[in-house]
>>> print(open('run.tsv').read())   # TSV, N, CA and C atoms and all ligand atoms
chain	number	residue	atom	x	y	z
L	1	MET	N	-28.13	-48.30	52.69
L	1	MET	CA	-28.42	-46.88	52.79
L	1	MET	C	-29.29	-46.63	54.03
L	2	SER	N	-28.86	-45.64	54.82
L	2	SER	CA	-29.60	-45.37	56.05
L	2	SER	C	-30.92	-44.70	55.76
L	3	PHE	N	-31.76	-44.65	56.78
L	3	PHE	CA	-33.06	-44.01	56.65
L	3	PHE	C	-32.90	-42.55	56.24
L	4	VAL	N	-31.99	-41.83	56.92
L	4	VAL	CA	-31.77	-40.42	56.61
L	4	VAL	C	-31.29	-40.25	55.18
L	5	ARG	N	-30.32	-41.06	54.76
L	5	ARG	CA	-29.80	-40.94	53.40
L	5	ARG	C	-30.91	-41.20	52.38
L	6	THR	N	-31.73	-42.18	52.65
L	6	THR	CA	-32.82	-42.51	51.73
L	6	THR	C	-33.79	-41.35	51.60
L	7	ILE	N	-34.19	-40.78	52.72
L	7	ILE	CA	-35.16	-39.68	52.70
L	7	ILE	C	-34.53	-38.42	52.12
L	8	PHE	N	-33.36	-38.04	52.65
L	8	PHE	CA	-32.76	-36.77	52.26
L	8	PHE	C	-32.24	-36.78	50.82
L	9	SER	N	-31.89	-37.93	50.30
L	9	SER	CA	-31.40	-37.99	48.92
L	9	SER	C	-32.51	-37.63	47.94
L	10	ARG	N	-33.74	-37.62	48.40
L	10	ARG	CA	-34.87	-37.27	47.52
L	10	ARG	C	-35.25	-35.80	47.64
L	11	ILE	N	-34.58	-35.07	48.54
L	11	ILE	CA	-34.88	-33.65	48.71
L	11	ILE	C	-33.73	-32.87	48.08
L	12	PRO	N	-33.99	-32.16	46.99
L	12	PRO	CA	-32.90	-31.54	46.21
L	12	PRO	C	-32.04	-30.54	46.98
L	13	LEU	N	-32.57	-29.84	47.96
L	13	LEU	CA	-31.80	-28.80	48.65
L	13	LEU	C	-30.89	-29.35	49.74
L	14	ILE	N	-31.00	-30.60	50.07
L	14	ILE	CA	-30.17	-31.18	51.12
L	14	ILE	C	-29.02	-31.96	50.48
L	15	GLU	N	-27.80	-31.55	50.81
L	15	GLU	CA	-26.63	-32.23	50.24
L	15	GLU	C	-26.10	-33.26	51.21
L	16	LEU	N	-25.78	-34.41	50.67
L	16	LEU	CA	-25.23	-35.49	51.49
L	16	LEU	C	-23.72	-35.53	51.37
L	17	ALA	N	-23.07	-35.91	52.45
L	17	ALA	CA	-21.62	-36.10	52.43
L	17	ALA	C	-21.29	-37.39	51.68
L	18	SER	N	-20.07	-37.45	51.16
L	18	SER	CA	-19.66	-38.69	50.50
L	18	SER	C	-19.50	-39.78	51.56
L	19	LYS	N	-19.47	-41.00	51.11
L	19	LYS	CA	-19.33	-42.13	52.03
L	19	LYS	C	-18.00	-42.04	52.78
L	20	SER	N	-16.91	-41.63	52.09
L	20	SER	CA	-15.61	-41.55	52.76
L	20	SER	C	-15.60	-40.45	53.82
L	21	VAL	N	-16.26	-39.34	53.55
L	21	VAL	CA	-16.36	-38.27	54.55
L	21	VAL	C	-17.16	-38.76	55.75
L	22	GLN	N	-18.24	-39.43	55.47
L	22	GLN	CA	-19.07	-39.95	56.56
L	22	GLN	C	-18.26	-40.93	57.43
L	23	GLN	N	-17.49	-41.80	56.79
L	23	GLN	CA	-16.71	-42.78	57.54
L	23	GLN	C	-15.63	-42.09	58.38
L	24	PHE	N	-15.00	-41.06	57.81
L	24	PHE	CA	-13.99	-40.32	58.58
L	24	PHE	C	-14.63	-39.68	59.80
L	25	ARG	N	-15.77	-39.04	59.59
L	25	ARG	CA	-16.46	-38.39	60.71
L	25	ARG	C	-16.78	-39.40	61.82
L	26	GLU	N	-17.33	-40.52	61.43
L	26	GLU	CA	-17.71	-41.52	62.43
L	26	GLU	C	-16.48	-42.07	63.16
L	27	SER	N	-15.36	-42.19	62.45
L	27	SER	CA	-14.15	-42.68	63.11
L	27	SER	C	-13.65	-41.68	64.15
L	28	GLN	N	-13.80	-40.39	63.86
L	28	GLN	CA	-13.42	-39.36	64.83
L	28	GLN	C	-14.33	-39.44	66.06
L	29	CYS	N	-15.59	-39.63	65.82
L	29	CYS	CA	-16.55	-39.63	66.92
L	29	CYS	C	-16.34	-40.80	67.88
L	30	VAL	N	-16.06	-41.98	67.36
L	30	VAL	CA	-15.93	-43.12	68.27
L	30	VAL	C	-14.69	-43.00	69.15
L	31	ASP	N	-13.76	-42.15	68.76
L	31	ASP	CA	-12.58	-41.89	69.61
L	31	ASP	C	-12.76	-40.66	70.51
L	32	CYS	N	-13.89	-40.02	70.41
L	32	CYS	CA	-14.13	-38.78	71.13
L	32	CYS	C	-14.65	-39.06	72.55
L	33	PRO	N	-14.15	-38.34	73.55
L	33	PRO	CA	-14.61	-38.57	74.92
L	33	PRO	C	-16.07	-38.18	75.15
L	34	PHE	N	-16.66	-37.43	74.22
L	34	PHE	CA	-18.04	-36.98	74.40
L	34	PHE	C	-19.05	-37.84	73.65
L	35	TYR	N	-18.55	-38.82	72.91
L	35	TYR	CA	-19.45	-39.72	72.18
L	35	TYR	C	-20.09	-40.70	73.15
L	36	LYS	N	-21.41	-40.85	73.06
L	36	LYS	CA	-22.15	-41.78	73.93
L	36	LYS	C	-22.43	-43.07	73.15
L	37	PHE	N	-21.71	-44.11	73.55
L	37	PHE	CA	-21.84	-45.37	72.83
L	37	PHE	C	-23.23	-46.00	72.98
L	38	ASN	N	-23.87	-45.78	74.11
L	38	ASN	CA	-25.17	-46.42	74.32
L	38	ASN	C	-26.26	-45.84	73.42
L	39	THR	N	-26.12	-44.57	73.04
L	39	THR	CA	-27.13	-43.94	72.18
L	39	THR	C	-26.57	-43.58	70.80
L	40	GLY	N	-25.27	-43.68	70.63
L	40	GLY	CA	-24.64	-43.29	69.36
L	40	GLY	C	-24.72	-41.81	69.10
L	41	SER	N	-24.73	-41.02	70.16
L	41	SER	CA	-24.96	-39.58	70.01
L	41	SER	C	-23.78	-38.74	70.48
L	42	CYS	N	-23.80	-37.48	70.03
L	42	CYS	CA	-22.82	-36.48	70.45
L	42	CYS	C	-23.32	-35.88	71.76
L	43	GLY	N	-22.79	-36.35	72.87
L	43	GLY	CA	-23.33	-35.94	74.17
L	43	GLY	C	-24.65	-36.65	74.44
L	44	THR	N	-25.40	-36.12	75.36
L	44	THR	CA	-26.68	-36.74	75.74
L	44	THR	C	-27.68	-36.64	74.59
L	45	LEU	N	-28.26	-37.76	74.25
L	45	LEU	CA	-29.17	-37.86	73.11
L	45	LEU	C	-30.21	-36.74	73.12
L	46	ILE	N	-30.35	-36.07	72.01
L	46	ILE	CA	-31.33	-35.01	71.70
L	46	ILE	C	-31.03	-33.70	72.42
L	47	VAL	N	-30.85	-33.73	73.73
L	47	VAL	CA	-30.65	-32.46	74.44
L	47	VAL	C	-29.21	-31.97	74.43
L	48	GLY	N	-28.25	-32.89	74.29
L	48	GLY	CA	-26.84	-32.48	74.35
L	48	GLY	C	-26.50	-31.90	75.71
L	49	GLU	N	-25.39	-31.22	75.80
L	49	GLU	CA	-25.02	-30.52	77.01
L	49	GLU	C	-23.88	-29.56	76.69
L	50	THR	N	-23.67	-28.62	77.61
L	50	THR	CA	-22.58	-27.67	77.44
L	50	THR	C	-21.36	-28.20	78.19
L	51	ILE	N	-20.22	-28.17	77.51
L	51	ILE	CA	-18.97	-28.65	78.08
L	51	ILE	C	-17.91	-27.56	77.96
L	52	GLU	N	-16.81	-27.76	78.68
L	52	GLU	CA	-15.68	-26.87	78.48
L	52	GLU	C	-14.65	-27.62	77.65
L	53	TRP	N	-14.21	-27.00	76.57
L	53	TRP	CA	-13.24	-27.61	75.65
L	53	TRP	C	-12.24	-26.56	75.25
L	54	LYS	N	-11.00	-26.78	75.58
L	54	LYS	CA	-9.92	-25.84	75.26
L	54	LYS	C	-10.27	-24.42	75.69
L	55	ASN	N	-10.70	-24.32	76.93
L	55	ASN	CA	-11.01	-23.03	77.56
L	55	ASN	C	-12.20	-22.30	76.93
L	56	GLU	N	-13.06	-23.04	76.24
L	56	GLU	CA	-14.28	-22.44	75.68
L	56	GLU	C	-15.48	-23.27	76.09
L	57	GLN	N	-16.62	-22.61	76.24
L	57	GLN	CA	-17.88	-23.32	76.46
L	57	GLN	C	-18.41	-23.76	75.09
L	58	VAL	N	-18.69	-25.05	74.97
L	58	VAL	CA	-19.15	-25.62	73.70
L	58	VAL	C	-20.42	-26.42	73.98
L	59	HIS	N	-21.40	-26.28	73.10
L	59	HIS	CA	-22.62	-27.07	73.27
L	59	HIS	C	-22.59	-28.29	72.36
L	60	LEU	N	-22.64	-29.47	72.96
L	60	LEU	CA	-22.75	-30.71	72.19
L	60	LEU	C	-24.19	-30.82	71.72
L	61	CYS	N	-24.39	-31.28	70.50
L	61	CYS	CA	-25.71	-31.17	69.88
L	61	CYS	C	-26.70	-32.25	70.31
L	62	GLY	N	-26.23	-33.40	70.76
L	62	GLY	CA	-27.15	-34.49	71.10
L	62	GLY	C	-27.61	-35.27	69.88
L	63	CYS	N	-27.00	-34.98	68.72
L	63	CYS	CA	-27.41	-35.63	67.47
L	63	CYS	C	-26.97	-37.10	67.44
L	64	ILE	N	-27.69	-37.89	66.66
L	64	ILE	CA	-27.28	-39.26	66.39
L	64	ILE	C	-26.22	-39.21	65.31
L	65	ILE	N	-25.02	-39.64	65.64
L	65	ILE	CA	-23.88	-39.44	64.76
L	65	ILE	C	-24.01	-40.17	63.43
L	66	SER	N	-24.58	-41.34	63.42
L	66	SER	CA	-24.71	-42.07	62.14
L	66	SER	C	-25.58	-41.30	61.15
L	67	GLU	N	-26.47	-40.45	61.66
L	67	GLU	CA	-27.33	-39.65	60.78
L	67	GLU	C	-26.68	-38.30	60.49
L	68	LYS	N	-26.19	-37.64	61.55
L	68	LYS	CA	-25.56	-36.31	61.36
L	68	LYS	C	-24.38	-36.39	60.39
L	69	SER	N	-23.60	-37.45	60.49
L	69	SER	CA	-22.40	-37.56	59.67
L	69	SER	C	-22.71	-37.67	58.18
L	70	GLU	N	-23.94	-37.97	57.83
L	70	GLU	CA	-24.32	-38.10	56.43
L	70	GLU	C	-24.66	-36.77	55.77
L	71	LEU	N	-24.87	-35.74	56.57
L	71	LEU	CA	-25.33	-34.47	56.03
L	71	LEU	C	-24.13	-33.55	55.80
L	72	LYS	N	-23.94	-33.13	54.58
L	72	LYS	CA	-22.73	-32.41	54.16
L	72	LYS	C	-22.45	-31.16	55.00
L	73	ASN	N	-23.46	-30.39	55.33
L	73	ASN	CA	-23.24	-29.10	55.98
L	73	ASN	C	-23.14	-29.15	57.50
L	74	GLN	N	-23.07	-30.33	58.06
L	74	GLN	CA	-22.93	-30.45	59.51
L	74	GLN	C	-21.47	-30.30	59.91
L	75	HIS	N	-21.24	-30.02	61.18
L	75	HIS	CA	-19.87	-29.93	61.66
L	75	HIS	C	-19.82	-30.42	63.11
L	76	CYS	N	-18.61	-30.72	63.52
L	76	CYS	CA	-18.37	-31.17	64.88
L	76	CYS	C	-18.25	-29.95	65.80
L	77	PRO	N	-18.93	-29.94	66.94
L	77	PRO	CA	-18.86	-28.77	67.82
L	77	PRO	C	-17.47	-28.50	68.39
L	78	ILE	N	-16.60	-29.53	68.44
L	78	ILE	CA	-15.24	-29.27	68.91
L	78	ILE	C	-14.23	-29.34	67.76
L	79	LYS	N	-14.75	-29.22	66.56
L	79	LYS	CA	-13.94	-29.08	65.34
L	79	LYS	C	-13.02	-30.29	65.07
L	80	GLN	N	-13.54	-31.48	65.34
L	80	GLN	CA	-12.78	-32.68	65.00
L	80	GLN	C	-13.05	-33.09	63.55
L	81	TRP	N	-14.13	-32.57	63.00
L	81	TRP	CA	-14.42	-32.74	61.56
L	81	TRP	C	-15.33	-31.63	61.10
O	101	LIG	S1	-19.39	-34.60	66.67
O	101	LIG	FE1	-17.44	-33.98	67.59
O	101	LIG	S2	-17.90	-33.63	69.74
O	101	LIG	FE2	-19.57	-34.82	68.90
O	101	LIG	S3	-19.01	-36.96	69.31
O	101	LIG	FE3	-18.27	-36.45	67.25
O	101	LIG	S4	-16.14	-35.81	67.53
O	101	LIG	FE4	-17.16	-35.72	69.54
>>> encode(input="run.tsv", output="structure tokens", more="lines below")
Ligand code: SF4
Amino acid sequence: MSFVRTIFSRIPLIELASKSVQQFRESQCVDCPFYKFNTGSCGTLIVGETIEWKNEQVHLCGCIISEKSELKNQHCPIKQW
């Protein structure tokens, strides 16, 4: 169990994604051109950046994907999950 899952599982208002959802999300991210393998983040760690995707300006969050993918209400900025 990750640090985030351990902490957040004790806070009643925060819902965690199932393990299969988390695994699907992570599999999408590692195939994504915006995933940063050196930091494990969506775009540049913490600050993210704005990119153009399918003719739209999209802001990558800079989140650590192994943690973000565990939180049920999160989403991918380019709608891959
Ligand atoms: S959350 Fe979306 S945009 Fe960010 S790395 Fe994963 S698939 Fe790519």
>>> closest_residue(input="run.tsv", among="L:Leu45, L:Ser69, L:Trp81, L:Gln57", to="Glu15 of chain L", atoms="only C-alpha atoms")
L:Ser69
>>> closest_atom_pairs(input="run.tsv", of="chain L", to="ligand LIG 101 (chain O)", cutoff="12 Å", atoms="only C-alpha atoms and all ligand atoms", output="JSON lines")
{"residue": "L:Gln22", "atom": "CA", "partner": "O:LIG101", "partner_atom": "FE3", "distance": 11.3}
{"residue": "L:Gln23", "atom": "CA", "partner": "O:LIG101", "partner_atom": "FE3", "distance": 11.7}
{"residue": "L:Phe24", "atom": "CA", "partner": "O:LIG101", "partner_atom": "S4", "distance": 10.3}
{"residue": "L:Arg25", "atom": "CA", "partner": "O:LIG101", "partner_atom": "FE3", "distance": 7.1}
{"residue": "L:Glu26", "atom": "CA", "partner": "O:LIG101", "partner_atom": "FE3", "distance": 7.0}
{"residue": "L:Ser27", "atom": "CA", "partner": "O:LIG101", "partner_atom": "S4", "distance": 8.4}
{"residue": "L:Gln28", "atom": "CA", "partner": "O:LIG101", "partner_atom": "S4", "distance": 5.2}
{"residue": "L:Cys29", "atom": "CA", "partner": "O:LIG101", "partner_atom": "FE3", "distance": 3.6}
{"residue": "L:Val30", "atom": "CA", "partner": "O:LIG101", "partner_atom": "S3", "distance": 7.0}
{"residue": "L:Asp31", "atom": "CA", "partner": "O:LIG101", "partner_atom": "S4", "distance": 7.3}
{"residue": "L:Cys32", "atom": "CA", "partner": "O:LIG101", "partner_atom": "FE4", "distance": 4.6}
{"residue": "L:Pro33", "atom": "CA", "partner": "O:LIG101", "partner_atom": "FE4", "distance": 6.6}
{"residue": "L:Phe34", "atom": "CA", "partner": "O:LIG101", "partner_atom": "FE4", "distance": 5.1}
{"residue": "L:Tyr35", "atom": "CA", "partner": "O:LIG101", "partner_atom": "S3", "distance": 4.0}
{"residue": "L:Lys36", "atom": "CA", "partner": "O:LIG101", "partner_atom": "S3", "distance": 7.4}
{"residue": "L:Phe37", "atom": "CA", "partner": "O:LIG101", "partner_atom": "S3", "distance": 9.5}
{"residue": "L:Thr39", "atom": "CA", "partner": "O:LIG101", "partner_atom": "S3", "distance": 11.1}
{"residue": "L:Gly40", "atom": "CA", "partner": "O:LIG101", "partner_atom": "S3", "distance": 8.5}
{"residue": "L:Ser41", "atom": "CA", "partner": "O:LIG101", "partner_atom": "S3", "distance": 6.5}
{"residue": "L:Cys42", "atom": "CA", "partner": "O:LIG101", "partner_atom": "FE2", "distance": 4.0}
{"residue": "L:Gly43", "atom": "CA", "partner": "O:LIG101", "partner_atom": "FE2", "distance": 6.6}
{"residue": "L:Thr44", "atom": "CA", "partner": "O:LIG101", "partner_atom": "S3", "distance": 10.0}
{"residue": "L:Leu45", "atom": "CA", "partner": "O:LIG101", "partner_atom": "S3", "distance": 10.9}
{"residue": "L:Gly48", "atom": "CA", "partner": "O:LIG101", "partner_atom": "FE2", "distance": 9.4}
{"residue": "L:Glu49", "atom": "CA", "partner": "O:LIG101", "partner_atom": "S2", "distance": 10.6}
{"residue": "L:Thr50", "atom": "CA", "partner": "O:LIG101", "partner_atom": "S2", "distance": 10.8}
{"residue": "L:Ile51", "atom": "CA", "partner": "O:LIG101", "partner_atom": "S2", "distance": 9.8}
{"residue": "L:Glu52", "atom": "CA", "partner": "O:LIG101", "partner_atom": "S2", "distance": 11.3}
{"residue": "L:Trp53", "atom": "CA", "partner": "O:LIG101", "partner_atom": "S2", "distance": 9.6}
{"residue": "L:Val58", "atom": "CA", "partner": "O:LIG101", "partner_atom": "S2", "distance": 9.0}
{"residue": "L:His59", "atom": "CA", "partner": "O:LIG101", "partner_atom": "S2", "distance": 8.8}
{"residue": "L:Leu60", "atom": "CA", "partner": "O:LIG101", "partner_atom": "FE2", "distance": 6.2}
{"residue": "L:Cys61", "atom": "CA", "partner": "O:LIG101", "partner_atom": "FE2", "distance": 7.2}
{"residue": "L:Gly62", "atom": "CA", "partner": "O:LIG101", "partner_atom": "FE2", "distance": 7.9}
{"residue": "L:Cys63", "atom": "CA", "partner": "O:LIG101", "partner_atom": "FE2", "distance": 8.0}
{"residue": "L:Ile64", "atom": "CA", "partner": "O:LIG101", "partner_atom": "S3", "distance": 9.1}
{"residue": "L:Ile65", "atom": "CA", "partner": "O:LIG101", "partner_atom": "FE3", "distance": 6.8}
{"residue": "L:Ser66", "atom": "CA", "partner": "O:LIG101", "partner_atom": "FE3", "distance": 10.0}
{"residue": "L:Glu67", "atom": "CA", "partner": "O:LIG101", "partner_atom": "S1", "distance": 11.1}
{"residue": "L:Lys68", "atom": "CA", "partner": "O:LIG101", "partner_atom": "S1", "distance": 8.3}
{"residue": "L:Ser69", "atom": "CA", "partner": "O:LIG101", "partner_atom": "S1", "distance": 8.2}
{"residue": "L:Glu70", "atom": "CA", "partner": "O:LIG101", "partner_atom": "S1", "distance": 11.9}
{"residue": "L:Gln74", "atom": "CA", "partner": "O:LIG101", "partner_atom": "S1", "distance": 9.0}
{"residue": "L:His75", "atom": "CA", "partner": "O:LIG101", "partner_atom": "S1", "distance": 6.9}
{"residue": "L:Cys76", "atom": "CA", "partner": "O:LIG101", "partner_atom": "S1", "distance": 4.0}
{"residue": "L:Pro77", "atom": "CA", "partner": "O:LIG101", "partner_atom": "S2", "distance": 5.3}
{"residue": "L:Ile78", "atom": "CA", "partner": "O:LIG101", "partner_atom": "S2", "distance": 5.2}
{"residue": "L:Lys79", "atom": "CA", "partner": "O:LIG101", "partner_atom": "FE1", "distance": 6.4}
{"residue": "L:Gln80", "atom": "CA", "partner": "O:LIG101", "partner_atom": "S4", "distance": 5.2}
{"residue": "L:Trp81", "atom": "CA", "partner": "O:LIG101", "partner_atom": "FE1", "distance": 6.9}
>>> axis_aligned_box(input="run.tsv", around="segment 16-22 of chain L", padding_each_side="8 Å", output="JSON")
{"center_x": -20.7, "center_y": -38.3, "center_z": 54.0, "size_x": 26.2, "size_y": 23.7, "size_z": 22.9}
>>> select_by_dssp(input="run.tsv", residues="chain L", states="strand (DSSP E or B)", output="list in words")
Leu16, Tyr35, Lys36, Ser41, Cys42, Glu49, Thr50, Ile51, Glu52, Trp53, Glu56, Gln57, Val58, His59, Leu60, Ile64 and Leu71 of chain L
>>> atom_distance(input="run.tsv", atom1="atom N of Thr6 of chain L", atom2="atom N of Val47 of chain L")
22.7 Å
>>> select_by_dssp(input="run.tsv", residues="chain L", states="helix (DSSP H, G or I)", output="PyMOL selection string")
chain L and resi 3-8+19-30+65-68
>>> decode(input="run.tsv", residues="chain L", atoms="C-alpha atoms", output="tab-separated table (two decimals), in the first residue's frame")
chain	number	residue	atom	x	y	z
L	1	MET	CA	0.00	0.00	0.00
L	2	SER	CA	1.40	3.37	-1.02
L	3	PHE	CA	1.90	6.27	1.34
L	4	VAL	CA	-1.05	8.15	-0.19
L	5	ARG	CA	-3.35	5.12	0.01
L	6	THR	CA	-2.38	4.54	3.63
L	7	ILE	CA	-3.02	8.15	4.65
L	8	PHE	CA	-6.09	8.81	2.52
L	9	SER	CA	-7.80	5.53	3.39
L	10	ARG	CA	-8.12	6.91	6.92
L	11	ILE	CA	-9.90	10.09	5.80
L	12	PRO	CA	-13.60	9.28	5.24
L	13	LEU	CA	-14.30	11.99	2.64
L	14	ILE	CA	-11.55	10.89	0.25
L	15	GLU	CA	-12.48	8.02	-2.05
L	16	LEU	CA	-9.82	5.76	-3.45
L	17	ALA	CA	-9.91	4.14	-6.87
L	18	SER	CA	-9.93	0.37	-7.09
L	19	LYS	CA	-6.64	-1.36	-7.74
L	20	SER	CA	-7.73	-2.31	-11.28
L	21	VAL	CA	-8.66	1.30	-12.09
L	22	GLN	CA	-5.35	2.48	-10.72
L	23	GLN	CA	-3.47	-0.08	-12.83
L	24	PHE	CA	-5.37	0.92	-15.97
L	25	ARG	CA	-4.60	4.58	-15.36
L	26	GLU	CA	-0.91	3.90	-14.85
L	27	SER	CA	-0.76	1.79	-18.01
L	28	GLN	CA	-2.22	4.69	-19.99
L	29	CYS	CA	0.28	7.11	-18.51
L	30	VAL	CA	3.40	5.10	-19.29
L	31	ASP	CA	2.35	5.11	-22.96
L	32	CYS	CA	1.63	8.83	-22.93
L	33	PRO	CA	4.06	11.25	-24.63
L	34	PHE	CA	3.67	13.69	-21.72
L	35	TYR	CA	4.61	11.24	-18.98
L	36	LYS	CA	8.01	12.01	-17.43
L	37	PHE	CA	9.73	8.77	-16.60
L	38	ASN	CA	12.47	10.40	-14.52
L	39	THR	CA	9.95	11.90	-12.07
L	40	GLY	CA	6.93	9.66	-12.67
L	41	SER	CA	4.83	12.76	-13.26
L	42	CYS	CA	2.27	14.16	-15.69
L	43	GLY	CA	4.43	16.77	-17.37
L	44	THR	CA	7.04	18.64	-15.35
L	45	LEU	CA	6.91	17.61	-11.70
L	46	ILE	CA	4.68	19.86	-9.53
L	47	VAL	CA	4.43	22.80	-11.93
L	48	GLY	CA	3.21	20.94	-15.03
L	49	GLU	CA	2.97	22.89	-18.26
L	50	THR	CA	0.48	23.97	-20.89
L	51	ILE	CA	0.47	21.93	-24.09
L	52	GLU	CA	-1.55	21.84	-27.26
L	53	TRP	CA	-3.60	18.65	-27.64
L	54	LYS	CA	-6.12	18.12	-30.40
L	55	ASN	CA	-6.29	21.84	-31.13
L	56	GLU	CA	-6.89	22.77	-27.48
L	57	GLN	CA	-4.66	24.27	-24.82
L	58	VAL	CA	-4.42	21.77	-21.95
L	59	HIS	CA	-2.60	22.16	-18.65
L	60	LEU	CA	-0.69	19.09	-17.47
L	61	CYS	CA	-0.93	18.91	-13.69
L	62	GLY	CA	2.63	17.93	-12.72
L	63	CYS	CA	1.19	15.29	-10.37
L	64	ILE	CA	3.01	12.12	-9.40
L	65	ILE	CA	1.03	9.52	-11.30
L	66	SER	CA	1.46	6.66	-8.83
L	67	GLU	CA	-0.30	8.85	-6.24
L	68	LYS	CA	-2.81	10.66	-8.47
L	69	SER	CA	-4.01	7.39	-9.99
L	70	GLU	CA	-5.11	6.16	-6.56
L	71	LEU	CA	-7.60	8.97	-5.99
L	72	LYS	CA	-11.05	8.18	-7.39
L	73	ASN	CA	-12.06	11.71	-8.41
L	74	GLN	CA	-8.94	12.53	-10.41
L	75	HIS	CA	-8.88	12.61	-14.19
L	76	CYS	CA	-6.40	12.78	-17.02
L	77	PRO	CA	-6.06	16.26	-18.54
L	78	ILE	CA	-6.13	14.80	-22.07
L	79	LYS	CA	-8.96	12.40	-21.22
L	80	GLN	CA	-7.00	9.15	-21.50
L	81	TRP	CA	-8.65	8.02	-18.27
